[in-house]
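Next up, structure_27.pdb (PDB, C-alpha atoms and all ligand atoms):
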MODEL        1
ATOM      1  CA  MET A 143      17.529  87.416 132.247
ATOM      2  CA  VAL A 144      19.641  90.326 133.354
ATOM      3  CA  GLY A 145      17.850  92.801 135.561
ATOM      4  CA  ARG A 146      17.974  96.559 135.058
ATOM      5  CA  ILE A 147      19.136  97.167 138.544
ATOM      6  CA  GLY A 148      21.569  94.339 138.499
ATOM      7  CA  LEU A 149      23.447  95.508 135.469
ATOM      8  CA  LEU A 150      23.913  98.860 137.019
ATOM      9  CA  LEU A 151      25.608  97.195 139.858
ATOM     10  CA  VAL A 152      27.733  94.742 138.030
ATOM     11  CA  LEU A 153      30.501  97.201 138.042
ATOM     12  CA  CYS A 154      33.039  95.342 139.975
ATOM     13  CA  GLY A 155      35.576  97.239 141.756
ATOM     14  CA  LEU A 156      32.684  97.575 144.100
ATOM     15  CA  SER A 157      33.914  95.034 146.504
ATOM     16  CA  GLY A 158      31.612  94.753 149.422
ATOM     17  CA  ALA A 159      28.766  96.505 147.672
ATOM     18  CA  ALA A 160      25.397  95.016 148.373
ATOM     19  CA  TYR A 161      22.704  94.563 145.808
ATOM     20  CA  ALA A 162      20.237  95.671 148.412
ATOM     21  CA  PHE A 163      21.187  99.270 147.597
ATOM     22  CA  GLY A 164      19.306  98.888 144.352
ATOM     23  CA  VAL A 165      18.369 101.866 142.260
ATOM     24  CA  GLU A 166      17.286 103.684 145.385
ATOM     25  CA  GLY A 167      20.909 104.054 146.300
ATOM     26  CA  CYS A 168      21.408 106.219 143.215
ATOM     27  CA  LYS A 169      18.471 108.533 143.739
ATOM     28  CA  GLY A 170      19.211 112.128 144.553
ATOM     29  CA  ARG A 171      22.923 111.608 144.017
ATOM     30  CA  LYS A 172      24.645 114.468 142.327
ATOM     31  CA  ASP A 173      27.600 113.851 140.111
ATOM     32  CA  PRO A 174      30.443 115.776 141.715
ATOM     33  CA  TYR A 175      32.089 116.016 138.300
ATOM     34  CA  GLY A 176      29.059 117.585 136.612
ATOM     35  CA  GLY A 177      29.008 114.828 134.011
ATOM     36  CA  LYS A 178      32.660 115.332 133.102
ATOM     37  CA  PRO A 179      34.828 113.303 135.416
ATOM     38  CA  PRO A 180      38.566 113.750 135.100
ATOM     39  CA  ALA A 181      40.303 111.027 133.171
ATOM     40  CA  PRO A 182      42.557 108.800 135.263
ATOM     41  CA  LYS A 183      46.210 109.687 135.145
ATOM     42  CA  GLY A 184      47.993 108.018 132.269
ATOM     43  CA  MET A 185      44.835 106.862 130.517
ATOM     44  CA  LYS A 186      45.484 105.508 127.050
ATOM     45  CA  ARG A 187      43.333 104.952 124.009
ATOM     46  CA  SER A 188      45.431 102.118 122.684
ATOM     47  CA  THR A 189      44.444  98.470 122.756
ATOM     48  CA  GLN A 190      48.005  97.262 122.475
ATOM     49  CA  HIS A 191      47.966  95.407 125.776
ATOM     50  CA  LEU A 192      44.611  93.760 125.115
ATOM     51  CA  THR A 193      43.800  90.533 123.387
ATOM     52  CA  ALA A 194      40.518  88.981 122.323
ATOM     53  CA  LEU A 195      40.164  86.158 124.831
ATOM     54  CA  LYS A 196      38.638  83.878 122.229
ATOM     55  CA  ASN A 197      42.028  83.783 120.521
ATOM     56  CA  THR A 198      43.455  82.204 123.662
ATOM     57  CA  ILE A 199      40.436  80.148 124.707
ATOM     58  CA  PRO A 200      38.599  78.944 121.591
ATOM     59  CA  ASP A 201      35.744  77.358 123.556
ATOM     60  CA  LEU A 202      35.079  80.556 125.512
ATOM     61  CA  ARG A 203      31.448  81.600 125.314
ATOM     62  CA  VAL A 204      30.863  85.349 125.288
ATOM     63  CA  ALA A 205      27.588  86.816 126.556
ATOM     64  CA  LEU A 206      28.445  90.407 127.425
ATOM     65  CA  ALA A 207      25.702  91.739 129.650
ATOM     66  CA  TYR A 208      26.403  95.342 128.676
ATOM     67  CA  GLY A 209      25.755  94.412 125.087
ATOM     68  CA  THR A 210      22.034  94.279 125.861
ATOM     69  CA  ASP A 211      19.495  97.018 126.531
ATOM     70  CA  GLN A 212      18.682  95.606 129.932
ATOM     71  CA  ASN A 213      20.522  98.170 131.984
ATOM     72  CA  ILE A 214      20.038 101.514 133.625
ATOM     73  CA  MET A 215      20.365 103.448 130.393
ATOM     74  CA  GLY A 216      17.943 101.149 128.597
ATOM     75  CA  ARG A 217      20.364 100.774 125.728
ATOM     76  CA  PRO A 218      23.418  98.690 125.030
ATOM     77  CA  PHE A 219      26.657 100.189 126.242
ATOM     78  CA  TYR A 220      28.680  97.957 123.986
ATOM     79  CA  PRO A 221      28.511  97.701 120.211
ATOM     80  CA  LYS A 222      27.048  94.624 118.586
ATOM     81  CA  GLY A 223      29.554  91.829 118.348
ATOM     82  CA  ALA A 224      31.846  93.388 120.952
ATOM     83  CA  ASP A 225      34.783  91.216 121.858
ATOM     84  CA  CYS A 226      35.747  89.936 125.261
ATOM     85  CA  LEU A 227      39.081  91.753 125.521
ATOM     86  CA  VAL A 228      41.478  91.331 128.416
ATOM     87  CA  LEU A 229      45.095  92.088 129.216
ATOM     88  CA  LYS A 230      47.435  89.461 127.807
ATOM     89  CA  PRO A 231      48.707  88.304 131.221
ATOM     90  CA  LEU A 232      45.096  87.830 132.307
ATOM     91  CA  ALA A 233      44.407  85.828 129.140
ATOM     92  CA  GLN A 234      47.341  83.535 129.933
ATOM     93  CA  ARG A 235      46.078  82.837 133.421
ATOM     94  CA  LEU A 236      42.568  82.296 132.150
ATOM     95  CA  ARG A 237      43.914  79.800 129.652
ATOM     96  CA  ARG A 238      45.292  77.748 132.532
ATOM     97  CA  ALA A 239      42.006  77.974 134.402
ATOM     98  CA  ALA A 240      40.052  77.020 131.280
ATOM     99  CA  ALA A 241      42.231  73.938 130.763
ATOM    100  CA  ALA A 242      41.562  72.761 134.309
ATOM    101  CA  LEU A 243      37.841  73.402 133.895
ATOM    102  CA  ARG A 244      37.734  71.679 130.517
ATOM    103  CA  SER A 245      39.075  68.485 132.045
ATOM    104  CA  GLN A 246      36.074  68.588 134.376
ATOM    105  CA  GLY A 247      33.618  69.158 131.535
ATOM    106  CA  PHE A 248      33.155  72.906 131.888
ATOM    107  CA  GLY A 249      33.757  75.935 129.703
ATOM    108  CA  LEU A 250      34.041  79.596 130.672
ATOM    109  CA  LEU A 251      31.106  81.919 130.016
ATOM    110  CA  ALA A 252      32.134  85.593 129.945
ATOM    111  CA  TYR A 253      29.659  88.236 131.142
ATOM    112  CA  ASP A 254      32.025  91.199 131.167
ATOM    113  CA  CYS A 255      35.678  91.710 130.297
ATOM    114  CA  TYR A 256      37.492  94.937 129.395
ATOM    115  CA  ARG A 257      35.085  97.828 129.839
ATOM    116  CA  PRO A 258      35.983 101.116 128.124
ATOM    117  CA  TRP A 259      36.442 104.069 130.450
ATOM    118  CA  SER A 260      33.796 106.033 128.565
ATOM    119  CA  VAL A 261      31.271 103.333 129.482
ATOM    120  CA  GLN A 262      32.307 103.683 133.088
ATOM    121  CA  VAL A 263      31.560 107.405 132.790
ATOM    122  CA  GLU A 264      28.061 106.680 131.492
ATOM    123  CA  LEU A 265      27.406 104.329 134.372
ATOM    124  CA  TRP A 266      28.742 106.863 136.825
ATOM    125  CA  LYS A 267      26.520 109.586 135.398
ATOM    126  CA  ALA A 268      23.553 107.287 135.888
ATOM    127  CA  CYS A 269      24.569 106.413 139.425
ATOM    128  CA  PRO A 270      27.322 108.608 140.848
ATOM    129  CA  LYS A 271      27.737 106.719 144.047
ATOM    130  CA  ARG A 272      30.975 105.102 145.086
ATOM    131  CA  GLY A 273      30.403 101.640 146.418
ATOM    132  CA  LEU A 274      27.746 101.074 143.775
ATOM    133  CA  VAL A 275      29.662 102.295 140.745
ATOM    134  CA  ALA A 276      33.416 102.545 140.462
ATOM    135  CA  ASP A 277      34.437 106.211 140.350
ATOM    136  CA  PRO A 278      35.722 106.960 136.836
ATOM    137  CA  LYS A 279      38.371 109.248 138.266
ATOM    138  CA  ARG A 280      40.176 106.081 139.299
ATOM    139  CA  GLY A 281      38.423 103.563 137.092
ATOM    140  CA  SER A 282      37.453  99.944 137.646
ATOM    141  CA  LEU A 283      39.888  97.104 137.074
ATOM    142  CA  HIS A 284      37.605  96.236 134.175
ATOM    143  CA  ASN A 285      38.691  99.549 132.618
ATOM    144  CA  LEU A 286      42.260  98.232 132.566
ATOM    145  CA  GLY A 287      41.290  94.902 131.059
ATOM    146  CA  ALA A 288      42.492  93.363 134.306
ATOM    147  CA  ALA A 289      39.213  91.831 135.451
ATOM    148  CA  ILE A 290      36.665  89.417 134.073
ATOM    149  CA  ASP A 291      33.202  88.318 135.113
ATOM    150  CA  VAL A 292      32.569  84.676 134.315
ATOM    151  CA  GLY A 293      30.289  81.735 134.895
ATOM    152  CA  LEU A 294      30.504  78.183 133.632
ATOM    153  CA  TYR A 295      28.723  76.214 130.957
ATOM    154  CA  ARG A 296      28.700  72.496 130.385
ATOM    155  CA  LEU A 297      30.746  71.435 127.383
ATOM    156  CA  ASP A 298      28.424  68.496 126.607
ATOM    157  CA  THR A 299      25.135  70.419 126.616
ATOM    158  CA  GLY A 300      26.351  73.962 125.999
ATOM    159  CA  LYS A 301      24.150  75.142 128.840
ATOM    160  CA  ALA A 302      25.134  77.558 131.583
ATOM    161  CA  VAL A 303      25.327  75.776 134.913
ATOM    162  CA  PRO A 304      23.400  76.971 137.953
ATOM    163  CA  MET A 305      25.238  79.156 140.451
ATOM    164  CA  PRO A 306      24.037  80.218 143.901
ATOM    165  CA  SER A 307      22.798  83.528 142.462
ATOM    166  CA  ALA A 308      22.238  85.167 139.125
ATOM    167  CA  PHE A 309      25.252  86.981 137.678
ATOM    168  CA  ASP A 310      23.589  90.320 138.281
ATOM    169  CA  ASP A 311      22.540  89.698 141.850
ATOM    170  CA  LEU A 312      24.711  91.739 144.155
ATOM    171  CA  SER A 313      22.917  90.696 147.288
ATOM    172  CA  PHE A 314      24.488  88.471 149.902
ATOM    173  CA  ARG A 315      23.633  85.595 147.576
ATOM    174  CA  ALA A 316      26.479  86.648 145.311
ATOM    175  CA  ARG A 317      29.021  86.191 148.066
ATOM    176  CA  HIS A 318      31.428  83.290 147.986
ATOM    177  CA  ASN A 319      30.448  82.340 151.519
ATOM    178  CA  TYR A 320      26.711  82.231 150.794
ATOM    179  CA  GLN A 321      25.523  78.794 151.783
ATOM    180  CA  GLY A 322      22.128  78.947 150.089
ATOM    181  CA  GLY A 323      21.226  77.751 146.630
ATOM    182  CA  SER A 324      21.473  74.158 145.542
ATOM    183  CA  LYS A 325      24.370  71.916 146.441
ATOM    184  CA  ALA A 326      25.209  71.657 142.748
ATOM    185  CA  ALA A 327      25.275  75.450 142.422
ATOM    186  CA  ARG A 328      27.651  75.806 145.346
ATOM    187  CA  GLU A 329      29.833  73.104 143.867
ATOM    188  CA  HIS A 330      30.007  74.950 140.534
ATOM    189  CA  ARG A 331      31.031  78.110 142.341
ATOM    190  CA  ARG A 332      33.735  76.190 144.163
ATOM    191  CA  ILE A 333      35.020  74.523 140.992
ATOM    192  CA  LEU A 334      35.301  77.927 139.301
ATOM    193  CA  LEU A 335      37.002  79.486 142.314
ATOM    194  CA  LEU A 336      39.563  76.706 142.633
ATOM    195  CA  ALA A 337      40.474  76.767 138.954
ATOM    196  CA  MET A 338      40.856  80.548 138.956
ATOM    197  CA  LYS A 339      42.890  80.678 142.132
ATOM    198  CA  LYS A 340      45.142  77.901 140.957
ATOM    199  CA  ALA A 341      45.738  79.916 137.821
ATOM    200  CA  GLY A 342      46.904  82.831 139.965
ATOM    201  CA  LEU A 343      43.836  85.054 139.817
ATOM    202  CA  ARG A 344      42.250  86.894 142.681
ATOM    203  CA  ALA A 345      38.614  86.554 143.706
ATOM    204  CA  ILE A 346      36.574  89.101 145.638
ATOM    205  CA  GLY A 347      34.282  87.925 148.392
ATOM    206  CA  SER A 348      31.211  89.793 147.238
ATOM    207  CA  GLU A 349      30.911  88.503 143.669
ATOM    208  CA  TRP A 350      31.376  84.864 142.711
ATOM    209  CA  TRP A 351      31.782  85.847 139.055
ATOM    210  CA  HIS A 352      34.553  88.419 139.367
ATOM    211  CA  TYR A 353      38.241  87.524 138.987
ATOM    212  CA  GLU A 354      41.162  89.851 138.547
ATOM    213  CA  LEU A 355      44.841  90.142 137.900
ATOM    214  CA  LYS A 356      46.860  90.960 140.986
ATOM    215  CA  ALA A 357      48.790  94.242 141.175
ATOM    216  CA  ALA A 358      47.439  95.371 137.820
ATOM    217  CA  ARG A 359      46.993  99.009 138.792
ATOM    218  CA  ARG A 360      50.675  99.453 139.305
ATOM    219  CA  ARG A 361      51.510  98.093 135.887
ATOM    220  CA  TYR A 362      48.724  98.978 133.499
ATOM    221  CA  PRO A 363      46.807 102.148 132.650
ATOM    222  CA  VAL A 364      43.077 102.700 132.360
ATOM    223  CA  LEU A 365      42.085 102.357 128.722
ATOM    224  CA  ASP A 366      39.425 103.994 126.676
ATOM    225  CA  ALA A 367      39.406 102.143 123.397
ATOM    226  CA  THR A 368      36.443 100.910 121.460
ATOM    227  CA  LEU A 369      35.418  97.294 121.860
ATOM    228  CA  GLN A 370      35.127  97.083 118.117
ATOM    229  CA  ILE A 371      38.866  97.218 117.733
ATOM    230  CA  ARG A 372      40.196  93.726 117.609
ATOM    231  CA  ALA A 373      43.404  93.409 119.486
ATOM    232  CA  GLU A 374      44.983  90.930 117.107
TER     233      GLU A 374
HETATM  234 ZN    ZN A 401      33.840  92.230 137.617
ENDMDL
END
Please re-express this file's structure in structure tokens.
Amino acid sequence: MVGRIGLLLVLCGLSGAAYAFGVEGCKGRKDPYGGKPPAPKGMKRSTQHLTALKNTIPDLRVALAYGTDQNIMGRPFYPKGADCLVLKPLAQRLRRAAAALRSQGFGLLAYDCYRPWSVQVELWKACPKRGLVADPKRGSLHNLGAAIDVGLYRLDTGKAVPMPSAFDDLSFRARHNYQGGSKAAREHRRILLLAMKKAGLRAIGSEWWHYELKAARRRYPVLDATLQIRAE
């Protein structure tokens, strides 16, 4: 379901990146950090700002793509049973979005949430190319717990709804302004976008699934804490 190449690229913080780069874009790239990138300034190992989103949104469905072996490393980056952790202010906004979606018969389906910095390093080592992978020296907003990748599922059937592209497709089809796909898929994308924006979250044009907390970098540090630690 989730392509090897795609997972590599679902690294958000790559706004504007195109899936068309594919694995080829990584070839011959040398890691300028020699496998040991500098940690971002102020990085913390604590999970104190994070919360398990399921505590806030009980009908959240969690399907973390990095919990599978379908990625560039051919192994899961996340431990079994990893939680969908996010910053508490993000959880509060997502709760508002989830309430609006629930009234329309939809639930949130989480593909990626907080991503430990050390995982970002592994991804970078596999593909040290800015624009395809967020440079660990700065980190992705996912490394702060300030971003989430989500789709929708139907509350009555439990099934994920169609979107104009797969979650892992970083081609033009992943863009919010892509007019292909079915009418229903475009409508689902729009419903998700409206609910998230109304809840105060920011979208990026290149990935229909990615939403983030505004101004998070100024307020929160990059974190490198295990996903096995439950925040509450
Ligand atoms: Zn993302």
Pull the closest atom pair for each residue of stretch 338-359 of chain A that gets at most 12 Å from stretch 224-236 of chain A, along with the distance in Å to one decimal, counting only C-alpha atoms, ordering rows by chain and then ascending residue number, as a Markdown table.
| residue | atom | partner | partner_atom | distance |
| --- | --- | --- | --- | --- |
| A:Met338 | CA | A:Leu236 | CA | 7.2 |
| A:Lys339 | CA | A:Arg235 | CA | 9.5 |
| A:Lys340 | CA | A:Arg235 | CA | 9.1 |
| A:Ala341 | CA | A:Arg235 | CA | 5.3 |
| A:Gly342 | CA | A:Arg235 | CA | 6.6 |
| A:Leu343 | CA | A:Arg235 | CA | 7.1 |
| A:Arg344 | CA | A:Leu232 | CA | 10.8 |
| A:Tyr353 | CA | A:Leu232 | CA | 9.6 |
| A:Glu354 | CA | A:Leu232 | CA | 7.6 |
| A:Leu355 | CA | A:Leu232 | CA | 6.1 |
| A:Lys356 | CA | A:Leu232 | CA | 9.4 |
| A:Ala357 | CA | A:Leu232 | CA | 11.5 |
| A:Ala358 | CA | A:Leu229 | CA | 9.5 |
| A:Arg359 | CA | A:Leu229 | CA | 12.0 |
Q.
Evaluated on this file, the PyMOL selection byres (((chain A and resi 279) around 9) and not hetatm) picks out some residues - which ones are they, written as a list in words?
A. Pro179, Pro180, Ala181, Pro182, Lys183, Val263, Ala276, Asp277, Pro278, Arg280 and Gly281 of chain A
Q) If you count only C-alpha atoms, which residues fall within 12 Å of stretch 317-323 of chain A, apart from same-chain ones fewer than 4 positions away, as JSON, numbers by chain? A) {"A": [157, 158, 159, 160, 161, 304, 305, 306, 307, 308, 309, 310, 311, 312, 313, 327, 328, 329, 330, 331, 332, 333, 334, 335, 336, 345, 346, 347, 348, 349, 350, 351, 352]}
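With distances taken over all atoms listed in the file, A:Ile290 is the one residue among A:Ala326, A:Ile290, A:Cys168, A:Ala194 lying closest to ligand ZN 401 (chain A).
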Q. What is the atom CA of A:Arg238 to atom CA of A:Val292 distance in Å?
A. 14.6 Å
Q: Excluding A:Tyr220 and any residue of its chain fewer than 5 positions from it, enumerate the residues within 8 Å of it, using only C-alpha atoms, and give them as a count of residues only.
A: 4
(Q) Quick check, in Å to one decimal: how far apart do atom CA of A:Ser324 and atom CA of A:Ala242 lie? (A) 23.1 Å
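Taking atom CA of A:Tyr256 and atom CA of A:Cys269 as endpoints, the distance between them is 20.0 Å.
Candidate residues A:Leu283, A:Ala241, A:Val261, A:Ala205 were compared for distance to ligand ZN 401 (chain A), and the nearest is A:Leu283, using all atoms listed in the file.
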Q. Closest to ligand ZN 401 (chain A) among A:Lys222, A:His284, A:Arg203, A:Arg244, using only C-alpha atoms and all ligand atoms?
A. A:His284
Q: Report as a ChimeraX atom specification the residues that result from applying the PyMOL selection byres (((chain A and resi 285) around 9) and not hetatm) to the structure here.
A: /A:255-259,261-262,281-284,286-289,363-366
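Near (27.6, 79.1, 131.8), the residues inside the 9 Å limit, counting all atoms listed in the file, come to Arg203, Phe248, Gly249, Leu250, Leu251, Ala252, Val292, Gly293, Leu294, Tyr295, Arg296, Gly300, Lys301, Ala302, Val303, Pro304 and Met305 of chain A.
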Q: Would you mind telling me which residue in A:Lys196, A:Arg360, A:Arg315, A:Val275 lies nearest to ligand ZN 401 (chain A) when using only C-alpha atoms and all ligand atoms?
A: A:Val275
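Between ligand ZN 401 (chain A) and the residues A:Ala337, A:Ala207, A:Leu243, A:Leu297, the shortest atom-to-atom distance, using all atoms listed in the file, involves A:Ala207.
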Let me have the centre and edge lengths of the axis-aligned box enclosing all listed atoms of stretch 251-261 of chain A with 6 Å padding on every side, in Å to one decimal, as AutoDock Vina command-line options.
--center_x 33.6 --center_y 94.0 --center_z 129.6 --size_x 19.8 --size_y 36.1 --size_z 15.0
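Nearest residue to A:Tyr253, choosing from A:Leu274, A:Ala240, A:Leu265, A:Leu206 and counting all atoms listed in the file: A:Leu206.
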